[in-house]
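S.K.: One structure, as structure tokens, below. Some questions next.
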Amino acid sequence: MNKIEVCFSPELIHLHELQGKIVVVVDIFRATTTMVAALANGIEEISTFADLEECRRMKSQGFLIGGERNGQTVSGFDLGNSPVAFIKNEYSGQKLAMTTTNGTLAISKSANADEILIGAFPNLSATIAYIQKHRKDVLIHCAGWKGRFNLEDSLYAGALVKSLESSHEADEDGALAMKSLFEKEGHQLKGYLGQASHAKRLQNHGIEADIDFCLTLDLYDIVGKVENEKVKAVIKP
Ligand SMILES: O=C(O)[C@H](CS(=O)(=O)O)OP(=O)(O)O
């Protein structure tokens with residue numbers, strides 16, 4: 001049986017071994033959900049940047065540039081960090097460069113993993129199917145918020161731990177705790193996560209549609225995967 005564990009913040013990732021594992025990076029609100037929505041709606045590949053100015057420079061190389069700081073679209077960028085911006089296929093065929101507060105940092109801190117997947121509720125089942133097929137130990141890397149624990153990434157971690165229980169043993173307390181949380185609250189994702197502090201921040205920015213989208217299950221049959229430092233869609237797990 002393989003193992004599954006949870007890291008609750010990029011600040012704690014140094015405590016975990018990444019080599020040989022599939023690392024699932026998750027930032028439900030909103031970076032990884034936005035990446036999955038972008039790929040499912042025709043974006044060819046996504047380059048991620050922790051540094052804002054590096055990301056901005058990609059515009060001159062023909063990239064669409066998307067990003068936020070403190071939840072607000074960066075001045076001069078084409079897009080912010082909203083998954084809903086992609087759902088009408090408007091940017092199909094383009095390459096996206098992206099920088100966000102938490103999600104892109106978690107991806108850069110996962111570089112030593114065997115494989116890096118991009119986790120989101122709208123492609124939860126596809127990601128589960130990919131992991132079941134590839135049979136490796138799994139580490140769920142929650143992006144959290146500015147180094148802190150958050151509810152939404154942790155509940156997603158619980159959903160993965162629960163769904164993989166026949167193939168992956170949760171042998172550490174974080175994974176066991178999140179499985180219990182998902183067993184208790186997973187049936188009412190939108191009700192439970194509506195109280196999360198990041199959901200409230202998004203409400204304050206007037207972007208309730210993003211919350212709803214980020215908590216919708218299984219809209220897409222693709223897996224987001226980092227290949228040669230770009231996030232791409234794997235269509236068939
Ligand atoms: O855009 C978001 O929702 C957040 C912004 S912040 O952390 O609330 O400042 O960024 P993300 O990297 O997607 O968590």
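By convention here, the chains of the structure tokens are called A, B, ... in the order presented, each chain's residues are numbered starting at 1, and ligands are numbered starting at 1 in the order presented.
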Return as a PyMOL selection string the full set of residues in range 24-152 of chain A whose backbone-based DSSP assignment is alpha helix (DSSP H).

M.R.: chain A and resi 31-40+52-57+103-108+124-134+151-152

S.K.: Please provide as a short mmCIF file (atom, residue, chain, number, x, y, z; two decimals) with N, CA and C atoms, in the first residue's frame all residues within 9 Å of range 177-181 of chain A, with the sequence filter that same-chain residues fewer than 6 positions apart are discarded (counting only C-alpha atoms).

M.R.:
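File produced: result-v1.cif:
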```cif
data_model
loop_
_atom_site.label_atom_id
_atom_site.label_comp_id
_atom_site.auth_asym_id
_atom_site.auth_seq_id
_atom_site.Cartn_x
_atom_site.Cartn_y
_atom_site.Cartn_z
N VAL A 6 -0.13 15.06 4.40
CA VAL A 6 -0.58 16.42 4.10
C VAL A 6 0.41 17.42 4.70
N SER A 154 -7.33 22.37 3.08
CA SER A 154 -7.27 21.23 3.99
C SER A 154 -8.44 20.27 3.74
N LEU A 155 -9.61 20.83 3.46
CA LEU A 155 -10.76 19.96 3.19
C LEU A 155 -10.57 19.21 1.87
N TYR A 156 -9.97 19.87 0.90
CA TYR A 156 -9.62 19.18 -0.36
C TYR A 156 -8.65 18.03 -0.05
N ALA A 157 -7.68 18.30 0.81
CA ALA A 157 -6.73 17.23 1.20
C ALA A 157 -7.51 16.06 1.80
N GLY A 158 -8.49 16.37 2.65
CA GLY A 158 -9.32 15.32 3.25
C GLY A 158 -10.08 14.53 2.20
N ALA A 159 -10.56 15.22 1.16
CA ALA A 159 -11.29 14.53 0.08
C ALA A 159 -10.38 13.55 -0.63
N LEU A 160 -9.13 13.95 -0.86
CA LEU A 160 -8.19 13.03 -1.53
C LEU A 160 -7.84 11.85 -0.62
N VAL A 161 -7.57 12.13 0.65
CA VAL A 161 -7.20 11.05 1.58
C VAL A 161 -8.35 10.03 1.65
N LYS A 162 -9.56 10.53 1.78
CA LYS A 162 -10.74 9.64 1.86
C LYS A 162 -10.91 8.84 0.56
N ALA A 170 -3.09 6.53 5.24
CA ALA A 170 -2.82 7.80 5.93
C ALA A 170 -2.15 7.45 7.25
#
```

S.K.: Would you kindly return, as a PDB file with N, CA and C atoms, in the first residue's frame, each protein, DNA or RNA residue with an atom no farther than 8 Å from any atom of Asp218 in chain A, considering only C-alpha atoms and excluding same-chain residues fewer than 4 positions away?

M.R.:
```pdb
ATOM      1  N   PHE A 121     -11.257  21.298  -6.901  1.00  0.00           N
ATOM      2  CA  PHE A 121     -12.502  20.524  -6.851  1.00  0.00           C
ATOM      3  C   PHE A 121     -13.103  20.278  -8.243  1.00  0.00           C
ATOM      4  N   PRO A 122     -13.031  21.230  -9.187  1.00  0.00           N
ATOM      5  CA  PRO A 122     -13.651  20.950 -10.498  1.00  0.00           C
ATOM      6  C   PRO A 122     -13.007  19.816 -11.289  1.00  0.00           C
ATOM      7  N   ASN A 123     -11.849  19.310 -10.856  1.00  0.00           N
ATOM      8  CA  ASN A 123     -11.321  18.102 -11.519  1.00  0.00           C
ATOM      9  C   ASN A 123     -10.874  17.052 -10.485  1.00  0.00           C
ATOM     10  N   LEU A 124     -11.563  17.015  -9.367  1.00  0.00           N
ATOM     11  CA  LEU A 124     -11.183  16.099  -8.276  1.00  0.00           C
ATOM     12  C   LEU A 124     -11.128  14.643  -8.745  1.00  0.00           C
ATOM     13  N   SER A 125     -12.175  14.172  -9.412  1.00  0.00           N
ATOM     14  CA  SER A 125     -12.222  12.745  -9.785  1.00  0.00           C
ATOM     15  C   SER A 125     -11.131  12.385 -10.788  1.00  0.00           C
ATOM     16  N   ALA A 126     -10.830  13.306 -11.720  1.00  0.00           N
ATOM     17  CA  ALA A 126      -9.764  13.034 -12.703  1.00  0.00           C
ATOM     18  C   ALA A 126      -8.417  12.910 -11.990  1.00  0.00           C
TER      19      ALA A 126
END
```

S.K.: Taking only C-alpha atoms and all ligand atoms into account, list the residues no farther than 8 Å from ligand 1, as a list of chain:residue names.

M.R.: A:Asp27, A:Ile28, A:Phe29, A:Arg30, A:Ala31, A:Thr32, A:Gly67, A:Glu68, A:Arg69, A:Asn70, A:Gly71, A:Gln72, A:Gly80, A:Asn81, A:Ser82, A:Thr99, A:Thr100, A:Thr101, A:Asn102, A:Gly103, A:Thr104, A:Leu105, A:Ala143, A:Gly144, A:Trp145, A:Lys146, A:His198, A:Arg201, A:Leu202

S.K.: For each of A:Glu152, A:Lys230, A:Asp173, A:Gly224, take the minimum atom-to-atom distance to Ile211 in chain A, counting only C-alpha atoms, then give the residue where this is smallest.

M.R.: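 Nearest candidate to Ile211 in chain A out of A:Glu152, A:Lys230, A:Asp173, A:Gly224: A:Glu152.
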
S.K.: Pick out the closest residue to Ala111 in chain A from this set: A:Ile222, A:Leu215, A:Val23, A:Ala209. Count only C-alpha atoms.

M.R.: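 Closest to Ala111 in chain A of all the choices is A:Val23.
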
S.K.: Suppose you want the space between CA of Gln61 in chain A and CA of Asn228 in chain A; what is it in Å?

M.R.: 17.9 Å

S.K.: Could you tell me how far CA of Glu227 in chain A lies from CA of Ile128 in chain A, in Å and to one decimal?

M.R.: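 Interatomic distance, CA of Glu227 in chain A to CA of Ile128 in chain A: 18.6 Å.
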
S.K.: Looking at A:Ile22, A:Gly66, A:Glu185, A:Ile107, which one is nearest to Lys133 in chain A, with distances taken over only C-alpha atoms?

M.R.: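 For Lys133 in chain A, the nearest of the given residues is A:Ile22.
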
S.K.: Env of range 139-142 of chain A: 6 Å cut, atoms = only C-alpha atoms, seq-sep filter 2 positions within chain, self excluded. Answer as a PyMOL selection string.

M.R.: chain A and resi 4-9+23-26+144+153

S.K.: Just the number, please: distance in Å from CA of Lys109 in chain A to CA of Leu12 in chain A, one decimal.

M.R.: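 Going from CA of Lys109 in chain A over to CA of Leu12 in chain A covers 10.2 Å.
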
S.K.: Tell me which protein, DNA and RNA residues are within 7 Å of Ala37 in chain A, counting only C-alpha atoms, leaving out same-chain ones fewer than 4 positions away, and put them as number ranges by chain.

M.R.: A: 33, 41, 83, 86-87

S.K.: Calculated over only C-alpha atoms, which of the candidates A:Asp212, A:Asp137, A:Asp114, A:Glu172 has the smallest distance to Val226 in chain A?

M.R.: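 Of A:Asp212, A:Asp137, A:Asp114, A:Glu172, the one nearest Val226 in chain A, counting only C-alpha atoms, is A:Asp114.
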
S.K.: Using only C-alpha atoms, which of A:Ser110, A:Gln94, A:Ser167, A:Asn204 sits nearest Lys136 in chain A?

M.R.: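 Using only C-alpha atoms, Lys136 in chain A sits closest to A:Ser167.
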
S.K.: Taking the DSSP secondary structure from the backbone, can you list the residues of range 52-84 of chain A that are strand (DSSP E or B), as a list of chain:residue names?

M.R.: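 So the strand (DSSP E or B) residues in range 52-84 of chain A would be A:Leu64, A:Ile65, A:Gly66, A:Gly67, A:Glu68, A:Arg69, A:Gln72, A:Thr73, A:Leu79.
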
S.K.: If you keep C-alpha atoms, can you produce a file of those selected residues as a tab-separated table (two decimals), in the first residue's frame?

M.R.:
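Dumped everything to again.tsv:
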```tsv
chain	number	residue	atom	x	y	z
A	64	LEU	CA	-1.22	36.44	-21.63
A	65	ILE	CA	-0.33	37.64	-18.11
A	66	GLY	CA	-2.53	36.99	-15.11
A	67	GLY	CA	-1.99	37.69	-11.46
A	68	GLU	CA	-3.01	39.28	-8.21
A	69	ARG	CA	-1.62	40.73	-5.05
A	72	GLN	CA	-6.64	42.41	-6.66
A	73	THR	CA	-5.63	42.26	-10.33
A	79	LEU	CA	-6.23	39.13	-16.09
```

S.K.: Compare A:Met1, A:Val223, A:Leu176, A:Leu217 by their minimum atom-to-atom distance to Ala38 in chain A, counting only C-alpha atoms, and give me the closest one.

M.R.: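 Of the candidates, the smallest distance to Ala38 in chain A is held by A:Val223.
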